[in-house]
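**Student:** Sending over input_29.cif (mmCIF, C-alpha atoms).
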```
data_query
loop_
_atom_site.group_PDB
_atom_site.id
_atom_site.type_symbol
_atom_site.label_atom_id
_atom_site.label_comp_id
_atom_site.auth_asym_id
_atom_site.auth_seq_id
_atom_site.Cartn_x
_atom_site.Cartn_y
_atom_site.Cartn_z
ATOM 1 C CA MET A 28 101.547 -99.835 78.958
ATOM 2 C CA LEU A 29 104.803 -101.290 80.221
ATOM 3 C CA GLY A 30 104.185 -104.712 78.731
ATOM 4 C CA SER A 31 101.632 -107.508 78.471
ATOM 5 C CA SER A 32 103.403 -109.751 80.993
ATOM 6 C CA VAL A 33 101.191 -108.341 83.757
ATOM 7 C CA SER A 34 98.859 -111.291 83.157
ATOM 8 C CA THR A 35 101.536 -113.575 84.642
ATOM 9 C CA THR A 36 101.469 -111.867 88.063
ATOM 10 C CA ARG A 37 99.120 -112.202 90.990
ATOM 11 C CA VAL A 38 98.975 -111.578 94.713
ATOM 12 C CA LEU A 39 100.150 -114.698 96.507
ATOM 13 C CA GLU A 40 98.085 -116.360 99.219
ATOM 14 C CA ALA A 41 98.625 -118.915 101.977
ATOM 15 C CA PRO A 42 98.690 -121.992 99.678
ATOM 16 C CA ASP A 43 101.588 -120.397 97.773
ATOM 17 C CA LEU A 44 103.840 -120.200 100.843
ATOM 18 C CA GLU A 45 106.063 -123.178 100.084
ATOM 19 C CA ASP A 46 106.709 -122.028 96.523
ATOM 20 C CA ALA A 47 107.445 -118.492 97.721
ATOM 21 C CA LEU A 48 109.933 -119.786 100.278
ATOM 22 C CA ASP A 49 111.649 -121.779 97.536
ATOM 23 C CA VAL A 50 112.185 -118.554 95.559
ATOM 24 C CA LEU A 51 113.449 -116.703 98.628
ATOM 25 C CA ASP A 52 115.841 -119.544 99.421
ATOM 26 C CA ARG A 53 117.654 -119.115 96.087
ATOM 27 C CA ASP A 54 119.608 -116.226 97.596
ATOM 28 C CA PRO A 55 119.220 -116.375 101.381
ATOM 29 C CA VAL A 56 121.598 -113.454 101.973
ATOM 30 C CA ALA A 57 120.133 -110.912 99.536
ATOM 31 C CA ASN A 58 116.577 -111.997 100.387
ATOM 32 C CA ALA A 59 117.011 -112.101 104.175
ATOM 33 C CA PHE A 60 114.888 -109.001 104.854
ATOM 34 C CA VAL A 61 111.808 -110.342 103.073
ATOM 35 C CA ALA A 62 112.407 -113.981 104.004
ATOM 36 C CA ALA A 63 112.503 -113.100 107.692
ATOM 37 C CA ARG A 64 109.104 -111.434 107.415
ATOM 38 C CA VAL A 65 107.583 -114.332 105.478
ATOM 39 C CA HIS A 66 108.869 -116.940 107.929
ATOM 40 C CA VAL A 67 107.118 -115.080 110.759
ATOM 41 C CA ALA A 68 103.975 -113.800 109.054
ATOM 42 C CA GLY A 69 103.370 -116.093 106.093
ATOM 43 C CA LEU A 70 101.745 -114.404 103.108
ATOM 44 C CA ASP A 71 98.793 -112.780 104.848
ATOM 45 C CA PRO A 72 99.020 -109.073 103.889
ATOM 46 C CA TRP A 73 97.880 -107.847 107.299
ATOM 47 C CA ARG A 74 100.556 -109.796 109.151
ATOM 48 C CA LEU A 75 103.191 -109.368 106.448
ATOM 49 C CA GLY A 76 102.737 -105.609 106.243
ATOM 50 C CA GLY A 77 102.132 -105.695 102.507
ATOM 51 C CA GLU A 78 101.269 -107.886 99.550
ATOM 52 C CA MET A 79 103.570 -110.460 98.017
ATOM 53 C CA TRP A 80 103.315 -110.455 94.246
ATOM 54 C CA GLY A 81 104.330 -113.538 92.300
ATOM 55 C CA TRP A 82 105.454 -113.783 88.682
ATOM 56 C CA TYR A 83 104.991 -117.069 86.818
ATOM 57 C CA ASP A 84 107.054 -118.225 83.859
ATOM 58 C CA ASP A 85 105.656 -119.803 80.688
ATOM 59 C CA ALA A 86 105.588 -123.213 82.364
ATOM 60 C CA GLY A 87 103.420 -121.872 85.166
ATOM 61 C CA ARG A 88 106.224 -122.001 87.737
ATOM 62 C CA LEU A 89 106.555 -119.271 90.348
ATOM 63 C CA ASP A 90 109.865 -117.694 89.362
ATOM 64 C CA ALA A 91 110.043 -114.222 90.968
ATOM 65 C CA LEU A 92 108.523 -112.216 93.799
ATOM 66 C CA CYS A 93 107.964 -108.591 94.687
ATOM 67 C CA TYR A 94 107.214 -107.478 98.229
ATOM 68 C CA ALA A 95 104.889 -104.475 98.126
ATOM 69 C CA GLY A 96 104.676 -102.845 101.536
ATOM 70 C CA ALA A 97 106.452 -99.866 103.059
ATOM 71 C CA ASN A 98 109.253 -100.922 100.721
ATOM 72 C CA LEU A 99 108.892 -102.219 97.180
ATOM 73 C CA VAL A 100 111.389 -105.090 96.866
ATOM 74 C CA PRO A 101 111.964 -107.138 93.682
ATOM 75 C CA ILE A 102 113.184 -110.662 94.443
ATOM 76 C CA CYS A 103 114.952 -112.964 91.969
ATOM 77 C CA ALA A 104 113.374 -110.882 89.214
ATOM 78 C CA GLY A 105 114.560 -110.949 85.602
ATOM 79 C CA SER A 106 113.493 -108.387 83.011
ATOM 80 C CA ASP A 107 110.118 -109.964 82.219
ATOM 81 C CA ALA A 108 109.211 -110.161 85.891
ATOM 82 C CA VAL A 109 110.414 -106.598 86.515
ATOM 83 C CA ARG A 110 108.219 -105.272 83.694
ATOM 84 C CA ALA A 111 105.221 -107.133 85.090
ATOM 85 C CA PHE A 112 105.844 -105.862 88.618
ATOM 86 C CA ALA A 113 106.307 -102.313 87.312
ATOM 87 C CA GLU A 114 102.982 -102.435 85.515
ATOM 88 C CA ARG A 115 101.187 -103.687 88.623
ATOM 89 C CA ALA A 116 102.882 -101.026 90.764
ATOM 90 C CA ARG A 117 102.084 -98.269 88.270
ATOM 91 C CA ARG A 118 98.402 -99.216 88.166
ATOM 92 C CA GLN A 119 98.201 -99.453 91.953
ATOM 93 C CA GLY A 120 99.971 -96.138 92.545
ATOM 94 C CA ARG A 121 102.888 -95.493 94.850
ATOM 95 C CA ARG A 122 102.271 -96.650 98.415
ATOM 96 C CA CYS A 123 105.873 -97.308 99.435
ATOM 97 C CA SER A 124 108.438 -94.992 100.995
ATOM 98 C CA SER A 125 111.301 -96.666 99.145
ATOM 99 C CA ILE A 126 112.258 -99.163 96.469
ATOM 100 C CA VAL A 127 115.149 -101.367 97.503
ATOM 101 C CA GLY A 128 116.698 -104.569 96.258
ATOM 102 C CA PRO A 129 119.420 -106.094 94.102
ATOM 103 C CA ALA A 130 120.893 -103.282 92.036
ATOM 104 C CA GLU A 131 120.220 -104.558 88.519
ATOM 105 C CA ALA A 132 116.557 -105.433 89.006
ATOM 106 C CA THR A 133 115.890 -102.358 91.127
ATOM 107 C CA ALA A 134 117.465 -100.048 88.540
ATOM 108 C CA GLU A 135 115.303 -101.542 85.804
ATOM 109 C CA LEU A 136 112.188 -101.306 87.970
ATOM 110 C CA TRP A 137 112.900 -97.661 88.763
ATOM 111 C CA SER A 138 113.511 -96.812 85.092
ATOM 112 C CA LEU A 139 109.971 -97.997 84.367
ATOM 113 C CA LEU A 140 108.341 -96.309 87.359
ATOM 114 C CA GLU A 141 110.264 -93.029 87.438
ATOM 115 C CA PRO A 142 108.150 -91.289 84.742
ATOM 116 C CA GLY A 143 105.087 -91.626 86.972
ATOM 117 C CA TRP A 144 106.594 -91.814 90.427
ATOM 118 C CA GLY A 145 109.566 -89.474 90.166
ATOM 119 C CA PRO A 146 111.390 -87.508 91.113
ATOM 120 C CA ALA A 147 112.786 -89.451 94.056
ATOM 121 C CA ARG A 148 114.105 -87.664 97.123
ATOM 122 C CA ASP A 149 117.340 -89.644 96.826
ATOM 123 C CA VAL A 150 118.743 -92.461 94.693
ATOM 124 C CA ARG A 151 121.484 -94.687 96.136
ATOM 125 C CA ALA A 152 122.533 -96.370 92.912
ATOM 126 C CA ARG A 153 125.056 -98.816 94.355
ATOM 127 C CA GLN A 154 125.185 -100.137 97.902
ATOM 128 C CA PRO A 155 127.695 -102.976 98.237
ATOM 129 C CA LEU A 156 126.276 -106.090 99.903
ATOM 130 C CA MET A 157 128.881 -107.550 102.261
ATOM 131 C CA THR A 158 129.006 -110.853 104.134
ATOM 132 C CA ILE A 159 131.100 -112.583 106.781
ATOM 133 C CA THR A 160 131.020 -116.236 107.857
ATOM 134 C CA GLU A 161 133.744 -116.388 110.520
ATOM 135 C CA PRO A 162 134.571 -114.173 113.505
ATOM 136 C CA SER A 163 137.055 -111.467 112.611
ATOM 137 C CA PRO A 164 140.572 -112.907 112.252
ATOM 138 C CA THR A 165 142.181 -109.470 112.598
ATOM 139 C CA VAL A 166 140.028 -107.295 114.894
ATOM 140 C CA ALA A 167 139.452 -108.161 118.542
ATOM 141 C CA PRO A 168 135.828 -107.687 119.623
ATOM 142 C CA ASP A 169 135.145 -104.781 121.954
ATOM 143 C CA PRO A 170 134.397 -106.362 125.367
ATOM 144 C CA ARG A 171 132.247 -103.349 126.291
ATOM 145 C CA VAL A 172 129.794 -103.887 123.439
ATOM 146 C CA ARG A 173 126.842 -105.811 124.844
ATOM 147 C CA ARG A 174 123.133 -106.362 124.461
ATOM 148 C CA VAL A 175 121.007 -103.363 125.345
ATOM 149 C CA ARG A 176 118.707 -103.961 128.305
ATOM 150 C CA ARG A 177 115.030 -103.070 128.270
ATOM 151 C CA ASP A 178 115.570 -100.368 130.866
ATOM 152 C CA GLU A 179 118.107 -98.710 128.529
ATOM 153 C CA ILE A 180 115.764 -98.068 125.587
ATOM 154 C CA GLU A 181 115.504 -94.367 126.391
ATOM 155 C CA LEU A 182 119.306 -94.120 126.459
ATOM 156 C CA LEU A 183 119.508 -95.910 123.114
ATOM 157 C CA MET A 184 116.822 -93.921 121.292
ATOM 158 C CA PRO A 185 118.796 -90.682 120.681
ATOM 159 C CA ALA A 186 121.544 -92.682 118.963
ATOM 160 C CA CYS A 187 118.969 -94.549 116.867
ATOM 161 C CA VAL A 188 117.269 -91.311 115.791
ATOM 162 C CA ALA A 189 120.630 -89.735 114.957
ATOM 163 C CA MET A 190 121.661 -92.765 112.881
ATOM 164 C CA PHE A 191 118.371 -92.897 110.979
ATOM 165 C CA THR A 192 118.353 -89.165 110.264
ATOM 166 C CA GLU A 193 121.972 -89.232 109.108
ATOM 167 C CA GLU A 194 121.421 -92.268 106.889
ATOM 168 C CA VAL A 195 117.988 -91.602 105.407
ATOM 169 C CA GLY A 196 117.905 -87.813 105.454
ATOM 170 C CA VAL A 197 114.666 -87.443 107.432
ATOM 171 C CA SER A 198 113.913 -87.973 111.105
ATOM 172 C CA PRO A 199 112.002 -91.126 112.123
ATOM 173 C CA THR A 200 110.100 -88.932 114.609
ATOM 174 C CA ALA A 201 108.320 -87.051 111.806
ATOM 175 C CA GLY A 202 104.615 -87.739 111.464
ATOM 176 C CA ASP A 203 103.724 -89.860 114.484
ATOM 177 C CA GLY A 204 106.355 -88.450 116.812
ATOM 178 C CA GLY A 205 108.445 -91.578 116.446
ATOM 179 C CA LEU A 206 105.966 -94.035 117.982
ATOM 180 C CA LEU A 207 106.367 -96.690 115.296
ATOM 181 C CA TYR A 208 110.127 -96.283 115.200
ATOM 182 C CA ARG A 209 110.412 -96.566 118.968
ATOM 183 C CA ALA A 210 108.245 -99.691 118.890
ATOM 184 C CA ARG A 211 110.607 -101.275 116.358
ATOM 185 C CA ILE A 212 113.661 -100.420 118.461
ATOM 186 C CA ALA A 213 111.924 -101.791 121.561
ATOM 187 C CA GLU A 214 111.183 -105.002 119.650
ATOM 188 C CA LEU A 215 114.862 -105.408 118.766
ATOM 189 C CA VAL A 216 115.947 -104.706 122.344
ATOM 190 C CA THR A 217 113.392 -107.142 123.744
ATOM 191 C CA GLY A 218 114.557 -109.776 121.272
ATOM 192 C CA GLY A 219 118.165 -109.363 122.373
ATOM 193 C CA ARG A 220 119.228 -108.062 118.954
ATOM 194 C CA ALA A 221 120.323 -104.505 119.860
ATOM 195 C CA PHE A 222 123.934 -103.935 120.882
ATOM 196 C CA ALA A 223 125.757 -100.886 122.199
ATOM 197 C CA ARG A 224 128.757 -99.566 124.043
ATOM 198 C CA PHE A 225 127.772 -97.143 126.787
ATOM 199 C CA GLU A 226 130.089 -94.539 128.266
ATOM 200 C CA GLU A 227 128.896 -92.347 131.129
ATOM 201 C CA GLY A 228 125.262 -93.035 130.289
ATOM 202 C CA ARG A 229 125.438 -92.381 126.555
ATOM 203 C CA VAL A 230 125.819 -94.594 123.501
ATOM 204 C CA VAL A 231 129.114 -94.270 121.641
ATOM 205 C CA PHE A 232 128.616 -97.310 119.352
ATOM 206 C CA LYS A 233 125.518 -99.233 118.402
ATOM 207 C CA ALA A 234 124.235 -101.763 115.902
ATOM 208 C CA GLU A 235 121.295 -104.109 115.586
ATOM 209 C CA ILE A 236 120.677 -107.497 114.036
ATOM 210 C CA GLY A 237 117.569 -106.807 112.001
ATOM 211 C CA ALA A 238 116.403 -109.509 109.597
ATOM 212 C CA VAL A 239 116.996 -113.064 110.831
ATOM 213 C CA THR A 240 116.473 -116.446 109.196
ATOM 214 C CA ASP A 241 118.147 -119.783 109.848
ATOM 215 C CA ARG A 242 120.330 -119.154 106.782
ATOM 216 C CA ALA A 243 121.451 -115.541 107.253
ATOM 217 C CA CYS A 244 121.042 -112.415 109.314
ATOM 218 C CA GLN A 245 121.445 -108.743 108.467
ATOM 219 C CA ILE A 246 123.279 -106.222 110.633
ATOM 220 C CA GLN A 247 121.844 -102.721 110.476
ATOM 221 C CA GLY A 248 121.883 -99.351 112.181
ATOM 222 C CA VAL A 249 125.654 -99.197 112.692
ATOM 223 C CA TRP A 250 126.514 -95.861 114.292
ATOM 224 C CA VAL A 251 129.375 -94.239 116.165
ATOM 225 C CA ALA A 252 128.996 -90.998 118.129
ATOM 226 C CA PRO A 253 130.438 -88.153 116.012
ATOM 227 C CA ASP A 254 133.008 -87.184 118.629
ATOM 228 C CA ARG A 255 134.300 -90.781 118.789
ATOM 229 C CA ARG A 256 134.676 -91.446 115.075
ATOM 230 C CA GLY A 257 138.067 -92.338 113.671
ATOM 231 C CA GLN A 258 139.046 -94.214 116.842
ATOM 232 C CA GLY A 259 138.296 -97.754 115.648
ATOM 233 C CA LEU A 260 135.045 -98.200 117.561
ATOM 234 C CA SER A 261 133.173 -99.254 114.427
ATOM 235 C CA GLU A 262 135.660 -102.062 113.801
ATOM 236 C CA THR A 263 135.891 -103.455 117.333
ATOM 237 C CA GLY A 264 132.163 -102.956 117.841
ATOM 238 C CA MET A 265 131.285 -104.745 114.621
ATOM 239 C CA ALA A 266 133.669 -107.564 115.508
ATOM 240 C CA ALA A 267 131.711 -108.013 118.752
ATOM 241 C CA VAL A 268 128.319 -108.006 117.016
ATOM 242 C CA VAL A 269 129.559 -110.388 114.306
ATOM 243 C CA GLU A 270 130.904 -112.818 116.899
ATOM 244 C CA TYR A 271 127.504 -112.944 118.598
ATOM 245 C CA ALA A 272 125.561 -113.134 115.308
ATOM 246 C CA LEU A 273 127.549 -116.064 113.948
ATOM 247 C CA ARG A 274 127.521 -117.915 117.262
ATOM 248 C CA GLU A 275 123.882 -117.407 118.226
ATOM 249 C CA VAL A 276 121.863 -116.371 115.166
ATOM 250 C CA ALA A 277 122.887 -117.569 111.693
ATOM 251 C CA PRO A 278 125.877 -118.952 109.745
ATOM 252 C CA VAL A 279 126.178 -115.810 107.608
ATOM 253 C CA ALA A 280 126.015 -112.176 108.707
ATOM 254 C CA SER A 281 125.470 -109.487 106.074
ATOM 255 C CA LEU A 282 125.038 -105.770 105.684
ATOM 256 C CA TYR A 283 124.837 -103.247 102.884
ATOM 257 C CA VAL A 284 126.458 -99.847 102.823
ATOM 258 C CA ASN A 285 126.475 -96.813 100.546
ATOM 259 C CA ASP A 286 129.305 -96.999 98.014
ATOM 260 C CA PHE A 287 130.319 -93.415 98.811
ATOM 261 C CA ASN A 288 130.841 -94.271 102.497
ATOM 262 C CA LEU A 289 134.473 -95.225 101.994
ATOM 263 C CA PRO A 290 135.467 -95.191 105.696
ATOM 264 C CA ALA A 291 132.671 -97.635 106.608
ATOM 265 C CA ARG A 292 133.469 -99.949 103.704
ATOM 266 C CA ALA A 293 137.138 -99.990 104.688
ATOM 267 C CA ALA A 294 136.281 -100.668 108.331
ATOM 268 C CA TYR A 295 134.009 -103.579 107.421
ATOM 269 C CA ARG A 296 136.688 -105.053 105.174
ATOM 270 C CA ARG A 297 139.188 -104.859 108.024
ATOM 271 C CA VAL A 298 136.761 -106.782 110.228
ATOM 272 C CA GLY A 299 136.554 -109.478 107.539
ATOM 273 C CA PHE A 300 133.473 -108.648 105.467
ATOM 274 C CA ARG A 301 133.703 -109.131 101.717
ATOM 275 C CA GLU A 302 131.559 -107.672 98.945
ATOM 276 C CA VAL A 303 129.314 -110.250 97.262
ATOM 277 C CA GLY A 304 126.885 -108.054 95.327
ATOM 278 C CA ALA A 305 125.141 -104.703 95.376
ATOM 279 C CA PHE A 306 121.793 -103.242 96.366
ATOM 280 C CA MET A 307 120.100 -100.090 95.157
ATOM 281 C CA SER A 308 117.697 -97.841 97.086
ATOM 282 C CA ILE A 309 115.292 -95.182 95.868
ATOM 283 C CA LEU A 310 113.961 -93.000 98.676
ATOM 284 C CA PHE A 311 110.769 -90.918 98.424
#
```
Can I see the file as structure tokens?
**Tutor:**
Amino acid sequence: MLGSSVSTTRVLEAPDLEDALDVLDRDPVANAFVAARVHVAGLDPWRLGGEMWGWYDDAGRLDALCYAGANLVPICAGSDAVRAFAERARRQGRRCSSIVGPAEATAELWSLLEPGWGPARDVRARQPLMTITEPSPTVAPDPRVRRVRRDEIELLMPACVAMFTEEVGVSPTAGDGGLLYRARIAELVTGGRAFARFEEGRVVFKAEIGAVTDRACQIQGVWVAPDRRGQGLSETGMAAVVEYALREVAPVASLYVNDFNLPARAAYRRVGFREVGAFMSILF
């Protein structure tokens, strides 16, 4: 047993929505990924794509959450909540493809689950969380970076697959041939949240605005064609995406990046991002 605090957890339901949103709102930047899903889908597991577990303190107040879907994500979770979530996850068995969240809580959660769930395919122990609240004061936005049109999805897909494979270590086309991944990219394009610079019919820079709430949005999928790296496209391209995100989407734009990716971290700092915390990811 990992601890008796499991009795303080339960799967949240529709009447718990307001309390769950209050927890998510404590850190709107770090919690943007899960908050965006909850704002759209509520707490219904079918619509949410997973269960939302709640942990209650001694006073009976909802104090921490854990999203249990394709990702296992601890939210505002101290040690007692982490132990309770770990026990529930251990009893349920691993259903997720990754564990991701604030570094401290995620590290503690993984230390409890690793004996039964390990080894992981990869552990990204520290991924700086970076934010920006004003358009870049130093980097001019690339005027050729624009929204991707619906009729350009097939041109965008090779860059998306290359980015995902490079970042995660496996191709998103494995298993179902990429149907689910393509549907997600199409959703972002249709929503006007996919951006790219095209040259002679191919993508040389791309990024998407993934999670969106009225408090924060998260930029993801940043990629530069290998033969165009080192030419500043990531900086000018990000400056363009940031300008749009802050003007049209949310007052804060964020991203997280592997700590070992020193060129990307330096580029984001030059654009104006600053580190405000750290995530951790365990990939299976």
**Student:** Could you list the residues chosen by the PyMOL selection byres ((chain A and resi 136-143) around 8) in this structure as an NGL selection string?
**Tutor:** :A and (29 or 109-110 or 112-113 or 116-117 or 126 or 132-135 or 144-147 or 309)
**Student:** With all atoms listed in the file as the atoms that count, which of A:Thr35, A:Ala210, A:Arg297, A:Gly204 lies nearest to Glu114 in chain A?
**Tutor:**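 Ranked by minimum distance to Glu114 in chain A, first place goes to A:Thr35.
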**Student:** What does the distance between CA of Cys103 in chain A and CA of Glu275 in chain A come to in Å, to one decimal place?
**Tutor:**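 One can read the CA of Cys103 in chain A to CA of Glu275 in chain A distance as 28.1 Å.
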**Student:** Step by step, work through what the PyMOL selection byres ((chain A and resi 282-296) around 8) selects in the shown file, and finish by giving those residues as a list in words.
**Tutor:**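 That expression, the PyMOL selection byres ((chain A and resi 282-296) around 8), corresponds here to Arg151, Arg153, Gln154, Pro155, Leu156, Met157, Thr158, Gln245, Ile246, Gln247, Ser261, Glu262, Met265, Ala280, Ser281, Arg297, Val298, Gly299, Phe300, Arg301, Ala305 and Phe306 of chain A.
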**Student:** Give me, as a PyMOL selection string, all polymer residues having an atom no more than 9 Å from Val269 in chain A, counting only C-alpha atoms and skipping those fewer than 5 positions away in the same chain.
**Tutor:** chain A and resi 159-163+168+246+264+274+280
**Student:** Using only C-alpha atoms, find the one residue out of A:Leu260, A:Ala221, A:Leu51, A:Val38 that sits nearest to Ala167 in chain A.
**Tutor:** A:Leu260
**Student:** How many Å separate CA of Glu270 in chain A from CA of Ala243 in chain A?
**Tutor:** 13.8 Å
**Student:** Taking (107.2, -113.3, 94.2) in the coordinates of the supplied file, I want to know which residues reach to within 9 Å of it, counting all atoms listed in the file; could you give the answer as an MDAnalysis selection string?
**Tutor:** chainID A and resid 36:39 47 50:51 79:83 89:94 101:104
**Student:** Please tell me which residues are no farther than 10 Å from (102.6, -111.2, 102.6) in the file, counting all atoms listed in the file, and write them as a list in words.
**Tutor:**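 Looking at atoms near the point gives Val38, Leu39, Glu40, Ala41, Leu44, Val61, Arg64, Val65, Ala68, Gly69, Leu70, Asp71, Pro72, Trp73, Arg74, Leu75, Gly76, Gly77, Glu78, Met79, Trp80, Cys93, Tyr94, Ala95 and Gly96 of chain A.
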**Student:** With the PyMOL selection byres ((chain A and resi 212) around 9) as the selection, what would be picked from this file? Answer as number ranges by chain, please.
**Tutor:** A: 180, 183-184, 187, 207-211, 213-217, 221, 235
**Student:** For CA of Val268 in chain A and CA of Leu99 in chain A, quote the distance in Å rounded to one decimal.
**Tutor:**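 Computing it gives 28.4 Å between the two atoms.
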**Student:** For range 61-66 of chain A, I'd like the enclosing box, axis-aligned and padded by 8 Å on every side, reported as AutoDock Vina command-line options with centre and edge lengths in Å to one decimal.
**Tutor:**
```
--center_x 110.0 --center_y -113.6 --center_z 105.5 --size_x 20.9 --size_y 22.6 --size_z 20.9
```
**Student:** Nearest residue to Glu227 in chain A out of A:Val150, A:Leu182, A:Ala97, A:Cys244, using all atoms listed in the file?
**Tutor:**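 Nearest to Glu227 in chain A: A:Leu182.
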**Student:** Pick out the closest residue to Val166 in chain A from this set: A:Ala63, A:Leu310, A:Ala266, A:Leu273. Count all atoms listed in the file.
**Tutor:** A:Ala266
**Student:** Considering all atoms listed in the file, state which residue in the set A:Leu206, A:Ala57, A:Thr200, A:Pro170 is at the smallest distance from Ala130 in chain A.
**Tutor:**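 With all atoms listed in the file as the atom set, the closest residue is A:Ala57.
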**Student:** Excluding Pro55 in chain A and its own-chain neighbours fewer than 6 positions away, which residues fall within 9 Å of it when counting only C-alpha atoms? Please give them as a list of chain:residue names.
**Tutor:** A:Ala62, A:Thr240, A:Arg242, A:Ala243
**Student:** Which one is closest to Arg174 in chain A: A:Gly205, A:Gly218, A:Gly237, A:Gly196? Count only C-alpha atoms.
**Tutor:**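 Among the listed residues, the smallest separation from Arg174 in chain A belongs to A:Gly218.
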**Student:** Considering only C-alpha atoms, return as an mmCIF file with C-alpha atoms, keeping the file's coordinate frame whatever protein or nucleic-acid residues lie within 8 Å of Trp250 in chain A, sequence-local ones (same chain, fewer than 2 positions apart) excluded.
**Tutor:**
```cif
data_model
loop_
_atom_site.group_PDB
_atom_site.id
_atom_site.type_symbol
_atom_site.label_atom_id
_atom_site.label_comp_id
_atom_site.auth_asym_id
_atom_site.auth_seq_id
_atom_site.Cartn_x
_atom_site.Cartn_y
_atom_site.Cartn_z
ATOM 1 C CA ALA A 186 121.544 -92.682 118.963
ATOM 2 C CA MET A 190 121.661 -92.765 112.881
ATOM 3 C CA VAL A 231 129.114 -94.270 121.641
ATOM 4 C CA PHE A 232 128.616 -97.310 119.352
ATOM 5 C CA LYS A 233 125.518 -99.233 118.402
ATOM 6 C CA ALA A 234 124.235 -101.763 115.902
ATOM 7 C CA GLY A 248 121.883 -99.351 112.181
ATOM 8 C CA ALA A 252 128.996 -90.998 118.129
ATOM 9 C CA SER A 261 133.173 -99.254 114.427
#
```
